[in-house]
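Participant: Here you go, my_file34.cif (mmCIF, N, CA and C atoms):
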data_target
loop_
_atom_site.group_PDB
_atom_site.id
_atom_site.type_symbol
_atom_site.label_atom_id
_atom_site.label_comp_id
_atom_site.auth_asym_id
_atom_site.auth_seq_id
_atom_site.Cartn_x
_atom_site.Cartn_y
_atom_site.Cartn_z
ATOM 1 N N MET V 1 20.180 31.270 15.022
ATOM 2 C CA MET V 1 18.935 30.913 15.643
ATOM 3 C C MET V 1 18.697 29.411 15.404
ATOM 4 N N THR V 2 18.181 28.711 16.395
ATOM 5 C CA THR V 2 17.956 27.277 16.286
ATOM 6 C C THR V 2 16.513 26.980 15.873
ATOM 7 N N ILE V 3 16.316 25.766 15.411
ATOM 8 C CA ILE V 3 14.979 25.323 15.001
ATOM 9 C C ILE V 3 14.335 24.568 16.154
ATOM 10 N N ASP V 4 13.075 24.869 16.414
ATOM 11 C CA ASP V 4 12.350 24.186 17.467
ATOM 12 C C ASP V 4 12.202 22.698 17.123
ATOM 13 N N LYS V 5 12.188 21.825 18.135
ATOM 14 C CA LYS V 5 12.095 20.385 17.927
ATOM 15 C C LYS V 5 10.839 19.988 17.171
ATOM 16 N N SER V 6 9.751 20.697 17.394
ATOM 17 C CA SER V 6 8.495 20.354 16.733
ATOM 18 C C SER V 6 8.536 20.653 15.240
ATOM 19 N N LEU V 7 9.459 21.506 14.796
ATOM 20 C CA LEU V 7 9.551 21.873 13.389
ATOM 21 C C LEU V 7 10.564 21.045 12.619
ATOM 22 N N LYS V 8 11.380 20.274 13.310
ATOM 23 C CA LYS V 8 12.379 19.459 12.638
ATOM 24 C C LYS V 8 11.714 18.292 11.934
ATOM 25 N N VAL V 9 12.227 17.978 10.760
ATOM 26 C CA VAL V 9 11.719 16.848 9.999
ATOM 27 C C VAL V 9 12.733 15.725 10.133
ATOM 28 N N ARG V 10 12.344 14.686 10.820
ATOM 29 C CA ARG V 10 13.287 13.596 11.095
ATOM 30 C C ARG V 10 13.448 12.667 9.908
ATOM 31 N N ALA V 11 12.365 12.249 9.330
ATOM 32 C CA ALA V 11 12.431 11.297 8.225
ATOM 33 C C ALA V 11 11.708 11.865 7.010
ATOM 34 N N ALA V 12 12.174 12.991 6.540
ATOM 35 C CA ALA V 12 11.471 13.695 5.472
ATOM 36 C C ALA V 12 11.424 12.882 4.186
ATOM 37 N N LEU V 13 12.510 12.247 3.818
ATOM 38 C CA LEU V 13 12.550 11.537 2.545
ATOM 39 C C LEU V 13 12.374 10.032 2.713
ATOM 40 N N MET V 14 11.989 9.581 3.873
ATOM 41 C CA MET V 14 11.829 8.160 4.114
ATOM 42 C C MET V 14 10.524 7.629 3.522
ATOM 43 N N ARG V 15 9.513 8.429 3.461
ATOM 44 C CA ARG V 15 8.234 7.946 2.963
ATOM 45 C C ARG V 15 8.142 8.158 1.453
ATOM 46 N N THR V 16 7.191 7.485 0.839
ATOM 47 C CA THR V 16 7.004 7.562 -0.600
ATOM 48 C C THR V 16 6.253 8.832 -0.957
ATOM 49 N N ARG V 17 6.778 9.554 -1.925
ATOM 50 C CA ARG V 17 6.101 10.760 -2.380
ATOM 51 C C ARG V 17 4.958 10.370 -3.312
ATOM 52 N N SER V 18 3.874 11.083 -3.271
ATOM 53 C CA SER V 18 2.728 10.761 -4.108
ATOM 54 C C SER V 18 2.784 11.465 -5.463
ATOM 55 N N VAL V 19 3.676 12.427 -5.610
ATOM 56 C CA VAL V 19 3.787 13.176 -6.860
ATOM 57 C C VAL V 19 5.236 13.124 -7.326
ATOM 58 N N LEU V 20 5.426 12.780 -8.594
ATOM 59 C CA LEU V 20 6.771 12.725 -9.163
ATOM 60 C C LEU V 20 7.049 13.995 -9.956
ATOM 61 N N THR V 21 8.323 14.330 -10.080
ATOM 62 C CA THR V 21 8.692 15.463 -10.920
ATOM 63 C C THR V 21 8.578 15.034 -12.378
ATOM 64 N N ARG V 22 8.613 15.980 -13.274
ATOM 65 C CA ARG V 22 8.493 15.680 -14.701
ATOM 66 C C ARG V 22 9.628 14.761 -15.144
ATOM 67 N N ALA V 23 10.840 15.026 -14.672
ATOM 68 C CA ALA V 23 11.994 14.200 -15.062
ATOM 69 C C ALA V 23 11.826 12.762 -14.565
ATOM 70 N N GLU V 24 11.319 12.593 -13.335
ATOM 71 C CA GLU V 24 11.094 11.255 -12.796
ATOM 72 C C GLU V 24 10.010 10.521 -13.587
ATOM 73 N N ARG V 25 8.974 11.232 -13.990
ATOM 74 C CA ARG V 25 7.915 10.609 -14.789
ATOM 75 C C ARG V 25 8.452 10.169 -16.142
ATOM 76 N N ILE V 26 9.298 10.996 -16.760
ATOM 77 C CA ILE V 26 9.881 10.635 -18.057
ATOM 78 C C ILE V 26 10.768 9.407 -17.909
ATOM 79 N N GLU V 27 11.560 9.329 -16.826
ATOM 80 C CA GLU V 27 12.412 8.158 -16.600
ATOM 81 C C GLU V 27 11.576 6.890 -16.476
ATOM 82 N N LYS V 28 10.468 6.955 -15.736
ATOM 83 C CA LYS V 28 9.607 5.783 -15.572
ATOM 84 C C LYS V 28 8.942 5.401 -16.890
ATOM 85 N N LEU V 29 8.539 6.391 -17.667
ATOM 86 C CA LEU V 29 7.936 6.108 -18.965
ATOM 87 C C LEU V 29 8.954 5.490 -19.920
ATOM 88 N N GLN V 30 10.212 5.951 -19.868
ATOM 89 C CA GLN V 30 11.252 5.368 -20.708
ATOM 90 C C GLN V 30 11.520 3.920 -20.308
ATOM 91 N N ALA V 31 11.518 3.637 -19.017
ATOM 92 C CA ALA V 31 11.739 2.275 -18.545
ATOM 93 C C ALA V 31 10.615 1.353 -18.997
ATOM 94 N N ALA V 32 9.389 1.880 -19.083
ATOM 95 C CA ALA V 32 8.239 1.097 -19.518
ATOM 96 C C ALA V 32 8.064 1.152 -21.040
ATOM 97 N N GLU V 33 8.988 1.793 -21.735
ATOM 98 C CA GLU V 33 8.964 1.949 -23.193
ATOM 99 C C GLU V 33 7.687 2.639 -23.676
ATOM 100 N N ARG V 34 7.230 3.630 -22.918
ATOM 101 C CA ARG V 34 6.064 4.432 -23.296
ATOM 102 C C ARG V 34 6.471 5.844 -23.700
ATOM 103 N N TRP V 35 7.773 6.125 -23.734
ATOM 104 C CA TRP V 35 8.282 7.455 -24.061
ATOM 105 C C TRP V 35 9.290 7.326 -25.198
ATOM 106 N N GLN V 36 9.107 8.114 -26.238
ATOM 107 C CA GLN V 36 10.031 8.132 -27.366
ATOM 108 C C GLN V 36 10.746 9.475 -27.376
ATOM 109 N N ASP V 37 12.003 9.497 -27.821
ATOM 110 C CA ASP V 37 12.718 10.769 -27.932
ATOM 111 C C ASP V 37 11.988 11.651 -28.931
ATOM 112 N N GLY V 38 11.798 12.889 -28.560
ATOM 113 C CA GLY V 38 11.098 13.829 -29.416
ATOM 114 C C GLY V 38 9.660 14.055 -29.006
ATOM 115 N N ASP V 39 9.140 13.230 -28.091
ATOM 116 C CA ASP V 39 7.779 13.438 -27.578
ATOM 117 C C ASP V 39 7.739 14.705 -26.740
ATOM 118 N N SER V 40 6.588 15.328 -26.689
ATOM 119 C CA SER V 40 6.431 16.554 -25.918
ATOM 120 C C SER V 40 6.396 16.239 -24.418
ATOM 121 N N PRO V 41 7.158 16.990 -23.600
ATOM 122 C CA PRO V 41 7.118 16.758 -22.150
ATOM 123 C C PRO V 41 5.875 17.350 -21.493
ATOM 124 N N VAL V 42 5.047 18.026 -22.276
ATOM 125 C CA VAL V 42 3.814 18.602 -21.754
ATOM 126 C C VAL V 42 2.691 17.584 -21.956
ATOM 127 N N GLY V 43 1.887 17.373 -20.937
ATOM 128 C CA GLY V 43 0.777 16.434 -21.034
ATOM 129 C C GLY V 43 1.245 14.991 -20.986
ATOM 130 N N LEU V 44 2.131 14.680 -20.047
ATOM 131 C CA LEU V 44 2.653 13.321 -19.922
ATOM 132 C C LEU V 44 1.566 12.350 -19.460
ATOM 133 N N ALA V 45 1.774 11.097 -19.784
ATOM 134 C CA ALA V 45 0.862 10.054 -19.331
ATOM 135 C C ALA V 45 1.013 9.867 -17.832
ATOM 136 N N LYS V 46 -0.029 9.310 -17.209
ATOM 137 C CA LYS V 46 0.028 9.061 -15.774
ATOM 138 C C LYS V 46 1.004 7.930 -15.480
ATOM 139 N N VAL V 47 1.667 8.050 -14.326
ATOM 140 C CA VAL V 47 2.612 7.031 -13.886
ATOM 141 C C VAL V 47 2.251 6.629 -12.479
ATOM 142 N N ARG V 48 2.098 5.344 -12.264
ATOM 143 C CA ARG V 48 1.721 4.853 -10.936
ATOM 144 C C ARG V 48 2.910 4.941 -9.990
ATOM 145 N N VAL V 49 2.669 5.425 -8.796
ATOM 146 C CA VAL V 49 3.698 5.508 -7.758
ATOM 147 C C VAL V 49 3.385 4.439 -6.734
ATOM 148 N N TYR V 50 4.283 3.477 -6.601
ATOM 149 C CA TYR V 50 4.071 2.380 -5.664
ATOM 150 C C TYR V 50 4.546 2.781 -4.283
ATOM 151 N N LYS V 51 3.733 2.488 -3.290
ATOM 152 C CA LYS V 51 4.102 2.771 -1.916
ATOM 153 C C LYS V 51 4.857 1.583 -1.359
ATOM 154 N N LEU V 52 5.942 1.859 -0.670
ATOM 155 C CA LEU V 52 6.715 0.796 -0.053
ATOM 156 C C LEU V 52 6.231 0.603 1.367
ATOM 157 N N ALA V 53 5.857 -0.596 1.686
ATOM 158 C CA ALA V 53 5.398 -0.900 3.036
ATOM 159 C C ALA V 53 6.459 -1.751 3.719
ATOM 160 N N MET V 54 6.882 -1.305 4.863
ATOM 161 C CA MET V 54 7.880 -2.047 5.616
ATOM 162 C C MET V 54 7.166 -3.133 6.419
ATOM 163 N N LYS V 55 7.584 -4.378 6.212
ATOM 164 C CA LYS V 55 6.974 -5.481 6.946
ATOM 165 C C LYS V 55 7.786 -5.765 8.189
ATOM 166 N N LYS V 56 7.101 -6.155 9.237
ATOM 167 C CA LYS V 56 7.781 -6.498 10.471
ATOM 168 C C LYS V 56 8.362 -7.894 10.339
ATOM 169 N N LYS V 57 9.492 -8.088 10.931
ATOM 170 C CA LYS V 57 10.148 -9.381 10.867
ATOM 171 C C LYS V 57 9.502 -10.334 11.862
ATOM 172 N N LYS V 58 8.991 -11.443 11.367
ATOM 173 C CA LYS V 58 8.324 -12.420 12.217
ATOM 174 C C LYS V 58 9.317 -13.388 12.842
ATOM 175 N N LYS V 59 10.482 -13.569 12.222
ATOM 176 C CA LYS V 59 11.470 -14.501 12.741
ATOM 177 C C LYS V 59 11.967 -14.083 14.116
ATOM 178 N N GLU V 60 12.186 -12.797 14.293
ATOM 179 C CA GLU V 60 12.678 -12.313 15.585
ATOM 180 C C GLU V 60 11.669 -12.598 16.691
ATOM 181 N N GLU V 61 10.391 -12.418 16.395
ATOM 182 C CA GLU V 61 9.351 -12.670 17.393
ATOM 183 C C GLU V 61 9.303 -14.158 17.747
ATOM 184 N N LYS V 62 9.452 -15.031 16.738
ATOM 185 C CA LYS V 62 9.411 -16.471 16.980
ATOM 186 C C LYS V 62 10.631 -16.913 17.795
ATOM 187 N N GLU V 63 11.790 -16.334 17.480
ATOM 188 C CA GLU V 63 13.009 -16.686 18.212
ATOM 189 C C GLU V 63 12.907 -16.239 19.669
ATOM 190 N N ASP V 64 12.347 -15.061 19.895
ATOM 191 C CA ASP V 64 12.174 -14.565 21.257
ATOM 192 C C ASP V 64 11.223 -15.473 22.047
ATOM 193 N N ALA V 65 10.156 -15.921 21.421
ATOM 194 C CA ALA V 65 9.191 -16.790 22.080
ATOM 195 C C ALA V 65 9.818 -18.154 22.373
ATOM 196 N N ALA V 66 10.608 -18.652 21.441
ATOM 197 C CA ALA V 66 11.257 -19.958 21.633
ATOM 198 C C ALA V 66 12.306 -19.856 22.757
ATOM 199 N N ALA V 67 13.030 -18.770 22.810
ATOM 200 C CA ALA V 67 14.039 -18.593 23.855
ATOM 201 C C ALA V 67 13.378 -18.472 25.216
ATOM 202 N N GLY V 68 12.225 -17.829 25.274
ATOM 203 C CA GLY V 68 11.485 -17.661 26.529
ATOM 204 C C GLY V 68 10.957 -18.973 27.042
ATOM 205 N N SER V 69 10.523 -19.874 26.153
ATOM 206 C CA SER V 69 9.982 -21.167 26.581
ATOM 207 C C SER V 69 11.085 -22.114 27.022
ATOM 208 N N LYS V 70 12.278 -21.981 26.483
ATOM 209 C CA LYS V 70 13.407 -22.839 26.864
ATOM 210 C C LYS V 70 13.920 -22.504 28.260
ATOM 211 N N LYS V 71 13.810 -21.228 28.649
ATOM 212 C CA LYS V 71 14.324 -20.799 29.952
ATOM 213 C C LYS V 71 13.480 -21.350 31.108
ATOM 214 N N LYS V 72 12.236 -21.640 30.890
ATOM 215 C CA LYS V 72 11.326 -22.095 31.958
ATOM 216 C C LYS V 72 11.573 -23.483 32.348
#
Could you write out this file's structure as structure tokens?

Facilitator:
Amino acid sequence: MTIDKSLKVRAALMRTRSVLTRAERIEKLQAAERWQDGDSPVGLAKVRVYKLAMKKKKKEEKEDAAAGSKKK
């Protein structure tokens, strides 16, 4: 049986998740030196999740505008 197009997830893992798994939180805490071996994995400290924003390239727009003005 096939999956309907409306149910397909095209970019499921492309966006930033707002919740980390326990292992991911421990890794971030270790990187920030806030986690010591032997600490309890229950009741972990909060870890900020940064959202990645894709910026549009302005150079391409400027080059297109410059090429358009040269043709005239």

Participant: Expand the PyMOL selection byres ((chain V and resi 18) around 8) into the individual residues it matches in the shown file, reporting them as a list in words.

Facilitator: Arg15, Thr16, Arg17, Val19, Leu20, Thr21, Arg48, Val49 and Tyr50 of chain V

Participant: List the spatial neighbours of V:Arg25 as a VMD selection string - criterion: any atom at most 8 Å away, all atoms listed in the file, same-chain residues fewer than 5 positions off excluded.

Facilitator: chain V and resid 19 to 20 30 to 31 44 to 47

Participant: Could you take the residues named above and write them with N, CA and C atoms, as a tab-separated table (two decimals), in the frame of the given file?

Facilitator:
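result-v3.tsv, written as the output of this step:
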chain	number	residue	atom	x	y	z
V	19	VAL	N	3.68	12.43	-5.61
V	19	VAL	CA	3.79	13.18	-6.86
V	19	VAL	C	5.24	13.12	-7.33
V	20	LEU	N	5.43	12.78	-8.59
V	20	LEU	CA	6.77	12.72	-9.16
V	20	LEU	C	7.05	14.00	-9.96
V	30	GLN	N	10.21	5.95	-19.87
V	30	GLN	CA	11.25	5.37	-20.71
V	30	GLN	C	11.52	3.92	-20.31
V	31	ALA	N	11.52	3.64	-19.02
V	31	ALA	CA	11.74	2.28	-18.55
V	31	ALA	C	10.62	1.35	-19.00
V	44	LEU	N	2.13	14.68	-20.05
V	44	LEU	CA	2.65	13.32	-19.92
V	44	LEU	C	1.57	12.35	-19.46
V	45	ALA	N	1.77	11.10	-19.78
V	45	ALA	CA	0.86	10.05	-19.33
V	45	ALA	C	1.01	9.87	-17.83
V	46	LYS	N	-0.03	9.31	-17.21
V	46	LYS	CA	0.03	9.06	-15.77
V	46	LYS	C	1.00	7.93	-15.48
V	47	VAL	N	1.67	8.05	-14.33
V	47	VAL	CA	2.61	7.03	-13.89
V	47	VAL	C	2.25	6.63	-12.48

Participant: Mind giving me the straight-line distance from atom CA of V:Arg22 to atom C of V:Gly38 in Å, one decimal?

Facilitator: 14.4 Å

Participant: As lines of an AutoDock Vina configuration file, please report the centre and edge lengths, rounded to one decimal in Å, of the axis-aligned box that holds all listed atoms of stretch 36-55 of chain V with 6 Å of padding on each of the six sides.

Facilitator:
center_x = 6.3
center_y = 6.4
center_z = -10.6
size_x = 24.7
size_y = 36.4
size_z = 49.6

Participant: Can you complete the atoms of stretch 38-49 of chain V to all heavy atoms and list them as a tab-separated table (two decimals), in the frame of the given file?

Facilitator:
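Once written, selection-v2.tsv looks like this:
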chain	number	residue	atom	x	y	z
V	38	GLY	N	11.80	12.89	-28.56
V	38	GLY	CA	11.10	13.83	-29.42
V	38	GLY	C	9.66	14.06	-29.01
V	38	GLY	O	9.00	14.95	-29.52
V	39	ASP	N	9.14	13.23	-28.09
V	39	ASP	CA	7.78	13.44	-27.58
V	39	ASP	C	7.74	14.70	-26.74
V	39	ASP	O	8.74	15.11	-26.15
V	39	ASP	CB	7.32	12.26	-26.72
V	39	ASP	CG	7.02	11.02	-27.54
V	39	ASP	OD1	6.99	11.12	-28.78
V	39	ASP	OD2	6.84	9.95	-26.93
V	40	SER	N	6.59	15.33	-26.69
V	40	SER	CA	6.43	16.55	-25.92
V	40	SER	C	6.40	16.24	-24.42
V	40	SER	O	5.68	15.34	-23.99
V	40	SER	CB	5.14	17.26	-26.31
V	40	SER	OG	4.91	18.37	-25.48
V	41	PRO	N	7.16	16.99	-23.60
V	41	PRO	CA	7.12	16.76	-22.15
V	41	PRO	C	5.88	17.35	-21.49
V	41	PRO	O	5.65	17.17	-20.31
V	41	PRO	CB	8.38	17.45	-21.65
V	41	PRO	CG	8.66	18.50	-22.66
V	41	PRO	CD	8.17	17.96	-23.97
V	42	VAL	N	5.05	18.03	-22.28
V	42	VAL	CA	3.81	18.60	-21.75
V	42	VAL	C	2.69	17.58	-21.96
V	42	VAL	O	2.56	16.99	-23.02
V	42	VAL	CB	3.47	19.92	-22.48
V	42	VAL	CG1	2.17	20.51	-21.96
V	42	VAL	CG2	4.60	20.91	-22.32
V	43	GLY	N	1.89	17.37	-20.94
V	43	GLY	CA	0.78	16.43	-21.03
V	43	GLY	C	1.25	14.99	-20.99
V	43	GLY	O	0.81	14.16	-21.78
V	44	LEU	N	2.13	14.68	-20.05
V	44	LEU	CA	2.65	13.32	-19.92
V	44	LEU	C	1.57	12.35	-19.46
V	44	LEU	O	0.61	12.74	-18.79
V	44	LEU	CB	3.80	13.29	-18.90
V	44	LEU	CG	5.07	14.02	-19.28
V	44	LEU	CD1	6.03	14.00	-18.12
V	44	LEU	CD2	5.71	13.36	-20.48
V	45	ALA	N	1.77	11.10	-19.78
V	45	ALA	CA	0.86	10.05	-19.33
V	45	ALA	C	1.01	9.87	-17.83
V	45	ALA	O	2.05	10.21	-17.24
V	45	ALA	CB	1.17	8.75	-20.06
V	46	LYS	N	-0.03	9.31	-17.21
V	46	LYS	CA	0.03	9.06	-15.77
V	46	LYS	C	1.00	7.93	-15.48
V	46	LYS	O	1.14	6.99	-16.25
V	46	LYS	CB	-1.35	8.68	-15.25
V	46	LYS	CG	-2.35	9.82	-15.30
V	46	LYS	CD	-3.66	9.37	-14.74
V	46	LYS	CE	-4.67	10.50	-14.77
V	46	LYS	NZ	-5.97	10.08	-14.26
V	47	VAL	N	1.67	8.05	-14.33
V	47	VAL	CA	2.61	7.03	-13.89
V	47	VAL	C	2.25	6.63	-12.48
V	47	VAL	O	2.09	7.48	-11.60
V	47	VAL	CB	4.07	7.57	-13.92
V	47	VAL	CG1	5.03	6.54	-13.40
V	47	VAL	CG2	4.43	7.99	-15.33
V	48	ARG	N	2.10	5.34	-12.26
V	48	ARG	CA	1.72	4.85	-10.94
V	48	ARG	C	2.91	4.94	-9.99
V	48	ARG	O	4.02	4.57	-10.33
V	48	ARG	CB	1.26	3.40	-11.03
V	48	ARG	CG	1.05	2.77	-9.71
V	48	ARG	CD	-0.26	2.14	-9.61
V	48	ARG	NE	-0.47	1.73	-8.23
V	48	ARG	CZ	-1.26	0.77	-7.88
V	48	ARG	NH1	-1.91	0.10	-8.78
V	48	ARG	NH2	-1.41	0.46	-6.63
V	49	VAL	N	2.67	5.42	-8.80
V	49	VAL	CA	3.70	5.51	-7.76
V	49	VAL	C	3.38	4.44	-6.73
V	49	VAL	O	2.33	4.46	-6.10
V	49	VAL	CB	3.70	6.90	-7.09
V	49	VAL	CG1	4.76	6.96	-6.00
V	49	VAL	CG2	3.93	7.98	-8.12
